[in-house]
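*Asks:* mmCIF, C-alpha atoms, saved as data14.cif, coming up:
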data_final
#
loop_
_atom_site.label_atom_id
_atom_site.label_comp_id
_atom_site.auth_asym_id
_atom_site.auth_seq_id
_atom_site.Cartn_x
_atom_site.Cartn_y
_atom_site.Cartn_z
CA MET A 28 0.00 0.00 0.00
CA THR A 29 2.74 2.48 1.03
CA ALA A 30 4.87 1.46 -1.96
CA ALA A 31 1.96 1.98 -4.38
CA LEU A 32 1.25 5.40 -2.88
CA ILE A 33 4.91 6.43 -3.09
CA LEU A 34 5.06 5.13 -6.68
CA SER A 35 2.07 7.19 -7.81
CA ILE A 36 3.21 10.40 -6.06
CA SER A 37 6.74 9.96 -7.42
CA LEU A 38 5.43 9.54 -10.97
CA LEU A 39 3.51 12.80 -10.68
CA THR A 40 6.49 14.73 -9.29
CA LEU A 41 8.78 13.13 -11.87
CA LEU A 42 6.51 14.40 -14.62
CA GLN A 43 6.39 17.88 -13.13
CA PHE A 44 10.15 18.12 -12.56
CA PHE A 45 10.93 16.76 -16.02
CA VAL A 46 8.54 19.20 -17.72
CA SER A 47 10.07 22.11 -15.75
CA TYR A 48 13.60 20.91 -16.56
CA CYS A 49 12.80 20.77 -20.28
CA ARG A 50 11.18 24.21 -20.10
CA ALA A 51 14.32 25.56 -18.46
CA LEU A 52 16.35 24.05 -21.32
CA ILE A 53 14.15 25.52 -24.06
CA ALA A 54 13.35 28.86 -22.38
CA GLU A 55 16.11 30.74 -24.18
CA SER A 56 14.92 29.50 -27.59
CA ARG A 57 11.67 31.51 -27.37
CA GLU A 58 13.67 34.72 -27.59
CA HIS A 59 16.15 33.47 -30.16
CA ARG A 60 15.82 35.24 -33.52
CA LEU A 61 16.25 32.77 -36.37
CA SER A 62 18.37 33.74 -39.34
CA ASP A 63 16.63 34.21 -42.70
CA GLU A 64 18.62 31.29 -44.06
CA THR A 65 17.32 28.87 -41.40
CA ARG A 66 13.78 30.15 -41.91
CA GLU A 67 14.08 29.42 -45.62
CA ILE A 68 15.55 25.93 -45.12
CA CYS A 69 12.89 24.98 -42.57
CA GLY A 70 10.03 26.53 -44.53
CA ILE A 71 9.12 28.89 -41.70
CA GLU A 72 7.25 31.89 -43.04
CA SER A 73 6.39 34.05 -40.03
CA GLY A 74 4.98 33.98 -36.52
CA ASP A 75 5.18 31.06 -34.04
CA LEU A 76 6.39 27.63 -34.98
CA ALA A 77 3.85 24.84 -34.87
CA GLY A 78 4.66 21.57 -33.13
CA GLU A 79 4.12 19.70 -36.43
CA LYS A 80 7.39 21.14 -37.71
CA PHE A 81 9.37 19.35 -35.01
CA PRO A 82 9.94 16.00 -36.81
CA ARG A 83 11.25 17.77 -39.92
CA LEU A 84 13.48 20.01 -37.81
CA SER A 85 14.83 16.95 -35.97
CA GLU A 86 15.71 15.33 -39.29
CA LEU A 87 17.54 18.47 -40.38
CA ILE A 88 19.39 18.64 -37.04
CA ALA A 89 20.51 15.04 -37.54
CA LEU A 90 21.89 15.94 -40.98
CA CYS A 91 23.84 18.91 -39.63
CA PRO A 92 27.14 18.18 -37.84
CA GLU A 93 27.05 18.90 -34.10
CA SER A 94 28.16 22.27 -32.80
CA GLY A 95 29.68 22.59 -29.33
CA GLY A 96 28.11 19.49 -27.74
CA ASP A 97 24.39 20.34 -27.83
CA SER A 98 23.36 16.69 -28.25
CA PHE A 99 22.22 16.35 -24.60
CA GLN A 100 19.86 19.30 -25.06
CA VAL A 101 18.61 17.99 -28.42
CA ARG A 102 17.87 14.56 -26.92
CA ALA A 103 16.14 16.00 -23.84
CA VAL A 104 13.88 18.18 -26.00
CA ALA A 105 13.14 15.26 -28.36
CA LEU A 106 12.18 13.11 -25.36
CA TYR A 107 9.97 15.89 -24.04
CA PHE A 108 8.30 16.23 -27.46
CA ARG A 109 7.59 12.48 -27.63
CA LEU A 110 6.13 12.66 -24.12
CA LEU A 111 3.85 15.49 -25.25
CA VAL A 112 2.72 13.55 -28.34
CA LEU A 113 1.89 10.62 -26.07
CA ALA A 114 0.09 12.89 -23.61
CA ARG A 115 -1.90 14.48 -26.45
CA SER A 116 -3.14 11.17 -27.77
CA PHE A 117 -4.20 10.03 -24.29
CA LEU A 118 -5.43 13.25 -22.74
CA SER A 119 -7.00 15.25 -25.56
CA TRP A 120 -10.12 13.07 -25.73
CA ALA A 121 -10.42 12.77 -21.94
CA ILE A 122 -9.68 16.42 -21.07
CA PRO A 123 -10.04 18.48 -24.29
CA SER A 124 -8.82 21.69 -22.58
CA THR A 125 -5.31 20.23 -22.28
CA ALA A 126 -4.93 20.04 -26.09
CA SER A 127 -4.15 23.74 -26.51
CA TRP A 128 -1.61 23.66 -23.67
CA ILE A 129 0.08 20.58 -25.16
CA ASP A 130 0.15 22.23 -28.61
CA SER A 131 1.83 25.34 -27.24
CA GLU A 132 4.41 23.17 -25.43
CA ARG A 133 5.06 21.30 -28.68
CA GLY A 134 5.48 24.66 -30.38
CA GLY A 135 8.11 25.48 -27.73
CA CYS A 136 9.92 22.25 -28.61
CA ALA A 137 9.84 23.21 -32.30
CA CYS A 138 11.26 26.66 -31.41
CA ALA A 139 14.08 24.97 -29.49
CA ALA A 140 14.77 22.60 -32.40
CA ALA A 141 14.87 25.55 -34.82
CA MET A 142 17.34 27.32 -32.51
CA PHE A 143 19.63 24.25 -32.38
CA LEU A 144 19.49 23.99 -36.16
CA ASP A 145 20.20 27.69 -36.55
CA ARG A 146 23.24 27.41 -34.29
CA ARG A 147 24.51 24.35 -36.13
CA ILE A 148 24.12 26.03 -39.52
CA THR A 149 25.93 29.15 -38.27
CA PHE A 150 28.69 27.03 -36.74
CA ASN A 151 29.20 25.00 -39.91
CA ARG A 152 29.19 28.11 -42.11
CA THR A 153 31.87 29.66 -39.90
CA MET A 154 33.94 26.49 -40.05
CA MET A 155 33.66 26.34 -43.84
CA ALA A 156 34.57 30.00 -44.16
CA GLN A 157 37.63 29.45 -41.96
CA GLN A 158 38.71 26.44 -44.07
CA ALA A 159 38.23 28.43 -47.27
CA ASN A 160 40.46 31.19 -45.89
CA HIS A 161 43.25 28.70 -45.14
CA MET B 13 27.93 -13.68 -15.13
CA LEU B 14 28.21 -10.30 -16.77
CA GLY B 15 27.20 -9.74 -20.35
CA PRO B 16 28.44 -7.04 -22.73
CA VAL B 17 25.43 -4.85 -21.86
CA ASN B 18 26.33 -4.87 -18.14
CA TYR B 19 29.94 -3.95 -18.95
CA ALA B 20 28.86 -1.17 -21.29
CA ILE B 21 26.42 0.33 -18.75
CA SER B 22 28.90 0.15 -15.84
CA LEU B 23 31.68 1.76 -17.87
CA THR B 24 29.34 4.46 -19.23
CA VAL B 25 28.25 5.38 -15.69
CA ILE B 26 31.87 5.63 -14.51
CA VAL B 27 32.91 7.74 -17.52
CA VAL B 28 29.92 10.11 -17.16
CA GLU B 29 30.71 10.57 -13.46
CA LEU B 30 34.33 11.38 -14.24
CA VAL B 31 33.30 13.86 -16.95
CA SER B 32 30.88 15.51 -14.53
CA LEU B 33 33.57 15.77 -11.85
CA VAL B 34 35.98 17.36 -14.32
CA CYS B 35 33.29 19.84 -15.47
CA VAL B 36 32.58 20.95 -11.88
CA LEU B 37 36.28 21.35 -11.11
CA ARG B 38 37.02 23.17 -14.39
CA GLN B 39 34.29 25.69 -13.63
CA LYS B 40 36.01 26.34 -10.25
CA ALA B 41 32.76 25.53 -8.47
CA LEU B 42 34.43 23.38 -5.78
CA LYS B 43 33.91 25.90 -2.99
CA GLN B 44 30.30 26.66 -3.83
CA HIS B 45 29.31 23.06 -4.59
CA PHE B 46 31.62 21.12 -2.29
CA THR B 47 28.95 18.55 -1.34
CA LEU B 48 28.28 17.90 -5.02
CA VAL B 49 31.95 17.02 -5.56
CA ILE B 50 31.85 14.77 -2.49
CA TYR B 51 28.77 13.02 -3.89
CA LEU B 52 30.40 12.51 -7.29
CA CYS B 53 33.60 11.16 -5.71
CA ALA B 54 31.60 8.79 -3.48
CA ASN B 55 29.57 7.70 -6.51
CA PHE B 56 32.72 7.07 -8.52
CA ALA B 57 34.32 5.08 -5.67
CA THR B 58 31.23 2.89 -5.12
CA ASP B 59 30.74 2.31 -8.84
CA ALA B 60 34.36 1.30 -9.29
CA ALA B 61 34.16 -1.05 -6.27
CA GLY B 62 30.77 -2.37 -7.45
CA TYR B 63 32.19 -3.06 -10.90
CA SER B 64 35.05 -5.10 -9.46
CA ILE B 65 32.68 -7.07 -7.16
CA LEU B 66 30.38 -7.65 -10.12
CA ARG B 67 33.29 -9.10 -12.10
CA THR B 68 34.51 -11.38 -9.32
CA SER B 69 31.28 -12.46 -7.60
CA GLY B 70 28.60 -11.90 -10.24
CA PHE B 71 25.30 -10.05 -10.19
CA GLU B 72 23.31 -12.67 -8.27
CA SER B 73 25.79 -13.05 -5.41
CA ASN B 74 24.93 -11.95 -1.88
CA VAL B 75 28.16 -9.94 -1.73
CA TYR B 76 27.06 -7.73 -4.62
CA TYR B 77 23.49 -7.49 -3.34
CA TYR B 78 24.54 -6.26 0.10
CA PHE B 79 27.26 -4.01 -1.28
CA TYR B 80 24.89 -2.41 -3.77
CA PHE B 81 22.09 -1.56 -1.38
CA TYR B 82 24.32 -0.41 1.50
CA SER B 83 26.41 1.76 -0.81
CA GLN B 84 23.18 3.22 -2.20
CA PHE B 85 22.17 4.05 1.37
CA LEU B 86 25.42 5.94 1.92
CA LEU B 87 25.07 7.70 -1.43
CA THR B 88 21.55 8.79 -0.54
CA ILE B 89 22.93 10.40 2.62
CA CYS B 90 25.51 12.20 0.44
CA LEU B 91 22.62 13.29 -1.79
CA TYR B 92 20.96 14.79 1.29
CA PHE B 93 24.09 16.86 1.85
CA VAL B 94 23.88 18.10 -1.76
CA LEU B 95 20.24 19.00 -1.20
CA MET B 96 21.14 20.83 2.02
CA ASN B 97 23.77 22.79 0.12
CA LEU B 98 21.19 23.74 -2.53
CA TYR B 99 18.86 24.88 0.25
CA SER B 100 21.56 27.05 1.80
CA LEU B 101 22.40 28.56 -1.63
CA VAL B 102 18.76 29.42 -2.30
CA LEU B 103 18.15 30.73 1.21
CA SER B 104 21.59 32.35 1.55
CA GLU B 105 20.18 35.85 1.88
CA MET B 106 17.91 34.84 4.73
CA GLY B 107 20.77 33.54 6.93
CA VAL B 108 19.04 30.30 7.87
CA ALA B 109 21.77 27.85 6.80
CA LYS B 110 22.21 26.40 10.32
CA GLN B 111 18.49 25.81 10.75
CA VAL B 112 18.32 24.13 7.34
CA ARG B 113 21.18 21.78 8.27
CA ALA B 114 19.61 20.92 11.62
CA GLY B 115 16.21 20.36 10.00
CA ALA B 116 17.59 18.10 7.28
CA MET B 117 19.53 16.02 9.83
CA LEU B 118 16.40 15.65 11.91
CA ILE B 119 14.40 14.51 8.87
CA LEU B 120 17.14 12.05 7.90
CA ALA B 121 17.26 10.54 11.41
CA GLY B 122 13.46 10.43 11.52
CA THR B 123 13.24 8.59 8.19
CA VAL B 124 15.81 5.98 9.30
CA GLY B 125 13.93 5.53 12.59
CA ILE B 126 10.53 5.14 10.91
CA SER B 127 11.88 2.68 8.32
CA TYR B 128 13.46 0.59 11.10
CA TYR B 129 10.20 0.66 13.07
CA LEU B 130 8.16 -0.42 10.01
CA VAL B 131 10.41 -3.40 9.31
CA ALA B 132 10.86 -4.34 13.00
CA SER B 133 7.10 -4.40 13.53
CA SER B 134 6.44 -6.54 10.42
CA SER B 135 6.60 -10.33 10.36
CA GLN B 136 9.57 -10.39 7.92
CA ARG B 137 12.47 -8.98 9.89
CA PHE B 138 15.04 -9.11 7.10
CA VAL B 139 17.95 -6.76 6.78
CA THR B 140 17.45 -6.66 3.01
CA ARG B 141 13.83 -5.68 3.50
CA PHE B 142 14.97 -2.86 5.79
CA VAL B 143 17.43 -1.62 3.16
CA LEU B 144 14.77 -1.60 0.43
CA GLU B 145 12.22 0.10 2.68
CA LEU B 146 14.83 2.64 3.77
CA GLY B 147 15.89 3.41 0.19
CA GLN B 148 12.30 3.98 -0.85
CA ASN B 149 11.53 6.20 2.18
CA LEU B 150 14.75 8.21 1.95
CA PHE B 151 14.21 8.97 -1.72
CA PHE B 152 10.59 9.85 -1.05
CA VAL B 153 11.62 12.33 1.67
CA GLY B 154 14.13 13.63 -0.90
CA VAL B 155 11.23 14.17 -3.33
CA VAL B 156 9.30 16.15 -0.70
CA LEU B 157 12.36 18.25 0.23
CA THR B 158 13.19 19.00 -3.41
CA TYR B 159 9.58 19.91 -4.11
CA VAL B 160 9.58 22.32 -1.15
CA LEU B 161 12.86 23.80 -2.38
CA TRP B 162 11.47 24.31 -5.89
CA GLY B 163 8.37 25.94 -4.35
CA ALA B 164 10.61 28.26 -2.30
CA MET B 165 12.57 29.16 -5.44
CA ALA B 166 9.36 30.06 -7.27
CA LYS B 167 8.15 32.10 -4.31
CA LEU B 168 11.47 33.92 -3.90
CA ARG B 169 11.65 34.51 -7.69
CA GLU B 170 15.04 32.81 -7.85
CA ASN B 171 16.57 33.55 -11.26
CA ARG B 172 19.97 31.81 -11.24
CA THR B 173 19.67 29.42 -14.21
CA ARG B 174 22.42 27.10 -13.00
CA LEU B 175 20.84 26.68 -9.57
CA MET B 176 17.44 26.17 -11.17
CA GLN B 177 18.72 23.39 -13.43
CA LEU B 178 20.58 21.71 -10.55
CA VAL B 179 17.43 21.64 -8.41
CA LEU B 180 15.20 20.44 -11.26
CA SER B 181 17.59 17.67 -12.28
CA MET B 182 17.79 16.63 -8.63
CA GLY B 183 13.97 16.56 -8.58
CA VAL B 184 13.88 14.32 -11.63
CA TYR B 185 16.44 11.95 -10.08
CA VAL B 186 14.89 11.61 -6.61
CA SER B 187 11.38 11.17 -8.09
CA LEU B 188 12.67 8.52 -10.49
CA SER B 189 14.56 6.73 -7.70
CA ALA B 190 11.67 6.87 -5.20
CA GLY B 191 9.33 5.46 -7.85
CA SER B 192 11.86 2.78 -8.82
CA TYR B 193 12.40 1.65 -5.22
CA ALA B 194 8.63 1.52 -4.70
CA LEU B 195 8.30 -0.62 -7.83
CA LEU B 196 11.21 -2.80 -6.66
CA ASN B 197 9.36 -3.33 -3.37
CA LEU B 198 6.30 -4.41 -5.32
CA TYR B 199 8.12 -6.58 -7.90
CA PRO B 200 11.50 -7.57 -6.44
CA ASN B 201 12.31 -10.63 -8.56
CA HIS B 202 12.77 -9.32 -12.04
CA SER B 203 15.93 -9.44 -14.18
CA PHE B 204 15.07 -5.99 -15.55
CA TRP B 205 16.42 -4.32 -12.36
CA GLN B 206 20.02 -5.25 -13.11
CA TYR B 207 19.93 -2.88 -16.11
CA TYR B 208 17.47 -0.33 -14.85
CA PHE B 209 19.23 1.07 -11.76
CA PRO B 210 22.65 1.60 -13.37
CA ILE B 211 20.96 3.36 -16.33
CA THR B 212 19.04 5.75 -14.06
CA ALA B 213 22.32 6.51 -12.24
CA ILE B 214 23.57 8.21 -15.42
CA TRP B 215 20.97 10.99 -15.25
CA LEU B 216 22.34 13.05 -12.34
CA PRO B 217 26.04 13.23 -13.37
CA ALA B 218 25.05 13.77 -17.03
CA SER B 219 22.70 16.66 -16.24
CA TRP B 220 25.24 18.19 -13.83
CA ALA B 221 27.97 17.92 -16.45
CA TYR B 222 25.70 19.67 -18.94
CA THR B 223 24.77 22.41 -16.45
CA PHE B 224 28.36 23.18 -15.48
CA MET B 225 29.59 22.95 -19.05
CA LYS B 226 26.88 24.96 -20.80
CA VAL B 227 25.22 27.26 -18.27
CA PRO B 228 27.41 30.17 -17.17
CA GLU B 229 27.42 31.16 -13.50
CA ASP B 230 25.90 34.57 -14.29
CA ALA B 231 23.10 33.25 -16.55
CA ARG B 232 19.65 34.33 -15.40
CA LEU B 233 16.19 32.97 -16.16
CA ALA B 234 12.89 34.10 -14.63
CA THR B 235 11.19 31.28 -12.71
CA ALA B 236 7.88 32.38 -14.24
CA ARG B 237 9.17 31.40 -17.68
CA VAL B 238 9.67 27.85 -16.45
CA LEU B 239 6.40 27.65 -14.53
CA ALA B 240 4.18 29.26 -17.20
CA PRO B 241 6.20 29.92 -20.37
CA ASN B 242 3.20 30.92 -22.52
CA GLN B 243 1.94 33.74 -20.34
#
Could you take the file, read its structure, and then write that structure out as structure tokens?
*Replies:*
Amino acid sequence: MTAALILSISLLTLLQFFVSYCRALIAESREHRLSDETREICGIESGDLAGEKFPRLSELIALCPESGGDSFQVRAVALYFRLLVLARSFLSWAIPSTASWIDSERGGCACAAAMFLDRRITFNRTMMAQQANH
Amino acid sequence: MLGPVNYAISLTVIVVELVSLVCVLRQKALKQHFTLVIYLCANFATDAAGYSILRTSGFESNVYYYFYFYSQFLLTICLYFVLMNLYSLVLSEMGVAKQVRAGAMLILAGTVGISYYLVASSSQRFVTRFVLELGQNLFFVGVVLTYVLWGAMAKLRENRTRLMQLVLSMGVYVSLSAGSYALLNLYPNHSFWQYYFPITAIWLPASWAYTFMKVPEDARLATARVLAPNQ
């Protein structure tokens, strides 16, 4: 009985801490201004990024060589996104009001992914420019 | 005996702990996060010893079983010291560091006492049962303490990003561990546990390494942006 109670409370706190941790990781991305080049590559026209763009952005990130060890962040955000997709499929029919919250969180993940991609593109361009100069 | 997966997991844990230790030391955070360094060193020592016992005695031996759970008990106490340090960093301006230390010690002693009482009063008076019960209760108290700390940070509008990430990653780890111990109490005889616990042990050193490597000491982030980012 005690173990079951501890298990259920721990799962709830785990979810809350993990969501907050991921938000702390992606918080800076909401203020990051994407370069025109990245916008063009990703097909972002204007305004906020929708969560649906995340899979495509992830694929592009995977194609782009890593810059300055951001893989931990990329994986954490990808895990958070998958968790949100799972939550959406389970919760949206039971509690419809959560759908908009989940969508905005997924949008945050897409923003973070776009920021990682932007940084990687900038990093690789700088590297290529340096090599060309040598 | 050990398979390649066990070897890979054990070595990964040891490497991640070493990397984390180097990151903390390179950032010259030894003075501010002394307990964290102690925890990482203790973790490294127990993992190295555990690895050698695992190689000589095997996973199913009593030697490894007792060593694992008693070393986890000691590591949990070290984790309490890390938590106490985080409390004193958050509440540094209020000058209540001594009270925090005394309170945490009291809670620790209380948890050990209650766990002993629970096992002593049950029909199965096994030492192993006590260790499992104690692990579960200690981590659960850790969950409560971390939750209170996070609440205090939100209330005090704490904006140090590094501190925020350290507390949140601690929250993830203690919640995960409390839940895992509770599940272990419910389903103790499952081969899955031999992989599960070492894998979860990677989280804390990995997230600390990331925090010390990537988040500068002077980085700031409003707590409100973590609690309600869309408002």
*Asks:* Which residues, named as in the file, does the PyMOL selection byres ((chain B and resi 55-64) around 12) pick out? Answer as an NGL selection string.
*Replies:* :B and (14 or 18-33 or 48-54 or 65-71 or 73 or 75-91 or 209-210 or 213-214 or 216-217)
*Asks:* List the residues selected by the PyMOL selection byres ((chain A) within 8 of (chain B)) in the file shown, writing them as a short mmCIF file (atom, residue, chain, number, x, y, z; two decimals) with C-alpha atoms, in the frame of the given file.
*Replies:*
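Written file, out_2.cif:
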data_model
loop_
_atom_site.label_atom_id
_atom_site.label_comp_id
_atom_site.auth_asym_id
_atom_site.auth_seq_id
_atom_site.Cartn_x
_atom_site.Cartn_y
_atom_site.Cartn_z
CA ALA A 30 4.87 1.46 -1.96
CA ALA A 31 1.96 1.98 -4.38
CA ILE A 33 4.91 6.43 -3.09
CA LEU A 34 5.06 5.13 -6.68
CA SER A 35 2.07 7.19 -7.81
CA SER A 37 6.74 9.96 -7.42
CA LEU A 38 5.43 9.54 -10.97
CA THR A 40 6.49 14.73 -9.29
CA LEU A 41 8.78 13.13 -11.87
CA LEU A 42 6.51 14.40 -14.62
CA PHE A 44 10.15 18.12 -12.56
CA PHE A 45 10.93 16.76 -16.02
CA SER A 47 10.07 22.11 -15.75
CA TYR A 48 13.60 20.91 -16.56
CA ARG A 50 11.18 24.21 -20.10
CA ALA A 51 14.32 25.56 -18.46
CA ALA A 54 13.35 28.86 -22.38
CA PHE A 99 22.22 16.35 -24.60
CA SER A 131 1.83 25.34 -27.24
#
*Asks:* One decimal, in Å: what's the spacing between atom CA of A:Ser56 and atom CA of A:Glu86?
*Replies:*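 The value is 18.4 Å.
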*Asks:* Could you list, as a VMD selection string, every residue matched by the PyMOL selection byres ((chain A and resi 65) around 12) in this structure?
*Replies:* chain A and resid 60 to 64 66 to 72 84 87 to 88 138 140 to 149 152
*Asks:* Atom CA of B:Tyr208 to atom CA of A:Leu106: how many Å, to one decimal?
*Replies:*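 Distance between the two atoms: 17.9 Å.
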*Asks:* Which is closest to A:Leu52 among A:Ala126, A:Asp97, A:Ala77, A:Val104, if we use all atoms listed in the file?
*Replies:*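 Ranking A:Ala126, A:Asp97, A:Ala77, A:Val104 by distance to A:Leu52, first place goes to A:Val104.
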*Asks:* Quick one: pull the distance between atom CA of B:Asn74 and atom CA of B:Gly125, Å, one decimal.
*Replies:*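 Going from atom CA of B:Asn74 over to atom CA of B:Gly125, I get 25.2 Å.
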*Asks:* Just the residues within 6 Å of A:Gly78, please, counting all atoms listed in the file, with nothing from its chain fewer than 4 positions along; format it as a compact mmCIF listing (two decimals) with C-alpha atoms, in the coordinates of the input.
*Replies:*
# COMPACT_ATOMS: atom_id res chain seq x y z
CA ARG A 133 5.06 21.30 -28.68
CA GLY A 134 5.48 24.66 -30.38
CA ALA A 137 9.84 23.21 -32.30
